[in-house]
Structure formats: structure tokens, C-alpha cells
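**Q** For reference, this is my_file-v4.txt, and it has compact mmCIF, N, CA and C atoms.
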```txt
# COMPACT_ATOMS: atom_id res chain seq x y z
N MET A 1 0.84 -1.16 0.00
CA MET A 1 0.00 0.00 0.00
C MET A 1 0.89 1.24 0.00
N LEU A 2 0.54 2.21 -0.81
CA LEU A 2 1.30 3.45 -0.89
C LEU A 2 0.38 4.60 -0.50
N ILE A 3 0.70 5.28 0.56
CA ILE A 3 -0.10 6.42 1.00
C ILE A 3 0.83 7.64 1.07
N LEU A 4 0.48 8.66 0.31
CA LEU A 4 1.26 9.90 0.33
C LEU A 4 0.35 11.04 0.73
N THR A 5 0.84 11.89 1.59
CA THR A 5 0.11 13.10 1.98
C THR A 5 0.95 14.29 1.53
N ASN A 6 0.37 15.12 0.70
CA ASN A 6 1.07 16.30 0.16
C ASN A 6 2.30 15.92 -0.63
N GLY A 7 2.31 14.77 -1.27
CA GLY A 7 3.40 14.34 -2.12
C GLY A 7 2.92 14.24 -3.56
N THR A 8 3.83 13.96 -4.47
CA THR A 8 3.46 13.78 -5.88
C THR A 8 3.85 12.38 -6.30
N ILE A 9 3.08 11.83 -7.24
CA ILE A 9 3.35 10.48 -7.72
C ILE A 9 3.11 10.43 -9.22
N ALA A 10 3.94 9.66 -9.94
CA ALA A 10 3.76 9.48 -11.38
C ALA A 10 4.11 8.04 -11.74
N ILE A 11 3.34 7.47 -12.66
CA ILE A 11 3.62 6.13 -13.16
C ILE A 11 3.83 6.24 -14.66
N ALA A 12 4.99 5.79 -15.13
CA ALA A 12 5.31 5.83 -16.56
C ALA A 12 5.37 4.40 -17.10
N ASP A 13 4.77 4.21 -18.26
CA ASP A 13 4.78 2.93 -18.96
C ASP A 13 5.93 2.95 -19.97
N LEU A 14 6.89 2.05 -19.80
CA LEU A 14 8.03 1.95 -20.71
C LEU A 14 7.97 0.68 -21.55
N GLY A 15 6.82 0.03 -21.59
CA GLY A 15 6.68 -1.24 -22.29
C GLY A 15 6.76 -2.38 -21.30
N PRO A 16 7.90 -3.06 -21.24
CA PRO A 16 8.02 -4.19 -20.32
C PRO A 16 8.28 -3.78 -18.87
N VAL A 17 8.42 -2.48 -18.63
CA VAL A 17 8.72 -1.98 -17.29
C VAL A 17 7.78 -0.81 -16.96
N LEU A 18 7.27 -0.81 -15.73
CA LEU A 18 6.55 0.36 -15.22
C LEU A 18 7.46 1.07 -14.24
N ASN A 19 7.51 2.39 -14.34
CA ASN A 19 8.34 3.19 -13.46
C ASN A 19 7.44 4.04 -12.57
N LEU A 20 7.57 3.84 -11.28
CA LEU A 20 6.81 4.60 -10.29
C LEU A 20 7.77 5.57 -9.62
N SER A 21 7.47 6.85 -9.69
CA SER A 21 8.34 7.83 -9.04
C SER A 21 7.47 8.76 -8.19
N PHE A 22 8.01 9.11 -7.06
CA PHE A 22 7.27 10.01 -6.19
C PHE A 22 8.24 10.78 -5.30
N SER A 23 7.73 11.89 -4.80
CA SER A 23 8.45 12.70 -3.82
C SER A 23 7.60 12.73 -2.56
N ASP A 24 8.23 12.46 -1.45
CA ASP A 24 7.47 12.50 -0.21
C ASP A 24 7.37 13.96 0.26
N PRO A 25 6.59 14.21 1.28
CA PRO A 25 6.39 15.60 1.74
C PRO A 25 7.68 16.30 2.16
N ASP A 26 8.72 15.54 2.52
CA ASP A 26 9.99 16.15 2.90
C ASP A 26 10.89 16.44 1.70
N GLY A 27 10.45 16.06 0.49
CA GLY A 27 11.21 16.34 -0.72
C GLY A 27 12.10 15.21 -1.19
N MET A 28 12.09 14.07 -0.51
CA MET A 28 12.91 12.93 -0.94
C MET A 28 12.29 12.30 -2.18
N HIS A 29 13.09 12.13 -3.24
CA HIS A 29 12.60 11.55 -4.50
C HIS A 29 12.94 10.07 -4.52
N ILE A 30 11.95 9.25 -4.86
CA ILE A 30 12.12 7.79 -4.88
C ILE A 30 11.58 7.26 -6.19
N GLU A 31 12.28 6.28 -6.80
CA GLU A 31 11.82 5.61 -8.01
C GLU A 31 11.85 4.11 -7.80
N VAL A 32 10.82 3.45 -8.30
CA VAL A 32 10.71 2.00 -8.24
C VAL A 32 10.36 1.50 -9.64
N CYS A 33 11.05 0.47 -10.11
CA CYS A 33 10.74 -0.12 -11.41
C CYS A 33 10.13 -1.50 -11.21
N LEU A 34 9.04 -1.76 -11.92
CA LEU A 34 8.36 -3.05 -11.87
C LEU A 34 8.45 -3.69 -13.25
N ILE A 35 9.10 -4.84 -13.32
CA ILE A 35 9.21 -5.56 -14.59
C ILE A 35 7.92 -6.33 -14.81
N VAL A 36 7.20 -6.02 -15.89
CA VAL A 36 5.94 -6.68 -16.19
C VAL A 36 6.07 -7.69 -17.33
N ASP A 37 7.21 -7.69 -18.02
CA ASP A 37 7.49 -8.67 -19.07
C ASP A 37 8.96 -9.07 -18.94
N ALA A 38 9.20 -10.28 -18.45
CA ALA A 38 10.56 -10.73 -18.16
C ALA A 38 11.45 -10.80 -19.40
N SER A 39 10.87 -10.85 -20.60
CA SER A 39 11.69 -10.89 -21.82
C SER A 39 12.30 -9.53 -22.13
N LEU A 40 11.77 -8.49 -21.50
CA LEU A 40 12.23 -7.10 -21.70
C LEU A 40 12.20 -6.68 -23.17
N GLN A 41 11.24 -7.20 -23.91
CA GLN A 41 11.06 -6.83 -25.32
C GLN A 41 10.05 -5.69 -25.43
N GLY A 42 10.29 -4.77 -26.34
CA GLY A 42 9.32 -3.73 -26.64
C GLY A 42 9.44 -2.45 -25.84
N PHE A 43 10.66 -2.09 -25.42
CA PHE A 43 10.84 -0.81 -24.73
C PHE A 43 10.44 0.33 -25.67
N HIS A 44 9.85 1.37 -25.11
CA HIS A 44 9.49 2.56 -25.87
C HIS A 44 9.65 3.79 -24.97
N GLN A 45 9.44 4.95 -25.56
CA GLN A 45 9.52 6.20 -24.80
C GLN A 45 8.51 6.17 -23.67
N PRO A 46 8.81 6.83 -22.56
CA PRO A 46 7.86 6.85 -21.44
C PRO A 46 6.51 7.42 -21.86
N GLN A 47 5.46 6.74 -21.43
CA GLN A 47 4.10 7.20 -21.66
C GLN A 47 3.36 7.14 -20.33
N PRO A 48 2.39 8.02 -20.14
CA PRO A 48 1.62 7.95 -18.89
C PRO A 48 0.93 6.59 -18.77
N TYR A 49 0.92 6.04 -17.58
CA TYR A 49 0.24 4.77 -17.33
C TYR A 49 -1.24 5.05 -17.17
N LEU A 50 -2.06 4.49 -18.05
CA LEU A 50 -3.47 4.86 -18.11
C LEU A 50 -4.41 3.83 -17.49
N GLU A 51 -3.90 2.70 -17.04
CA GLU A 51 -4.78 1.68 -16.50
C GLU A 51 -5.14 1.97 -15.04
N THR A 52 -6.23 1.42 -14.59
CA THR A 52 -6.70 1.62 -13.23
C THR A 52 -5.87 0.79 -12.27
N ILE A 53 -5.53 1.37 -11.14
CA ILE A 53 -4.81 0.67 -10.09
C ILE A 53 -5.80 0.37 -8.97
N ASN A 54 -6.01 -0.90 -8.69
CA ASN A 54 -6.95 -1.30 -7.63
C ASN A 54 -6.29 -1.15 -6.27
N GLN A 55 -7.06 -0.69 -5.32
CA GLN A 55 -6.55 -0.52 -3.98
C GLN A 55 -7.05 -1.62 -3.08
```
Would you give me this structure, written as C-alpha cells?

**A**
Amino acid sequence: MLILTNGTIAIADLGPVLNLSFSDPDGMHIEVCLIVDASLQGFHQPQPYLETINQ
């Protein structure tokens, strides 16, 4: 579970990898990469992640 108060969050779709980046309220910047296709085929320019995230 990710809960941010007064922080910013962005999810970028890179094809086989999703990149989650956020800044916490103190200004610390954090990035997490999630591999969604182990073959790592089909990388492309970052695009906004448009799918719904279930909580």
C-alpha cells in the first residue's frame, strides 16, 4: 500500500517496465521499477500509465 500526503506520484509505462516515481512531503525523491514482461522486449519512450490501479 502506498499512502502519500502532500506528495506527488507518477507512473510511466516503458513497455516491459513500469516506473513509479514520487516525492514525499519532505522532498525525498524515490523511483521503483516493476518488470511486467521478463523478456524485456518492446521498450518505448515513457508514456503515462493509463490503467486503473486497484486498492

**Q** Considering only N, CA and C atoms, state which residue in the set A:Leu50, A:Ser23, A:Ala10, A:Pro16 is at the smallest distance from Ala38 (chain A).

**A** A:Pro16

**Q** Of the residues A:Ser39, A:Ile9, A:Tyr49, A:His44, which is the one nearest to Asp24 (chain A), using all atoms listed in the file?

**A**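 The answer is A:Ile9, which sits nearest to Asp24 (chain A).
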
**Q** Which value, in Å to one decimal, gives the distance between atom N of Gln41 (chain A) and atom C of Gly15 (chain A)?

**A** 7.1 Å

**Q** Which distance in Å separates atom C of Pro25 (chain A) and atom N of Ala12 (chain A), to one decimal?

**A** 20.4 Å

**Q** Calculate how many Å separate atom C of Met28 (chain A) from CA of Pro48 (chain A), rounding to one decimal.

**A**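 CA of Pro48 (chain A) lies 20.3 Å from atom C of Met28 (chain A).
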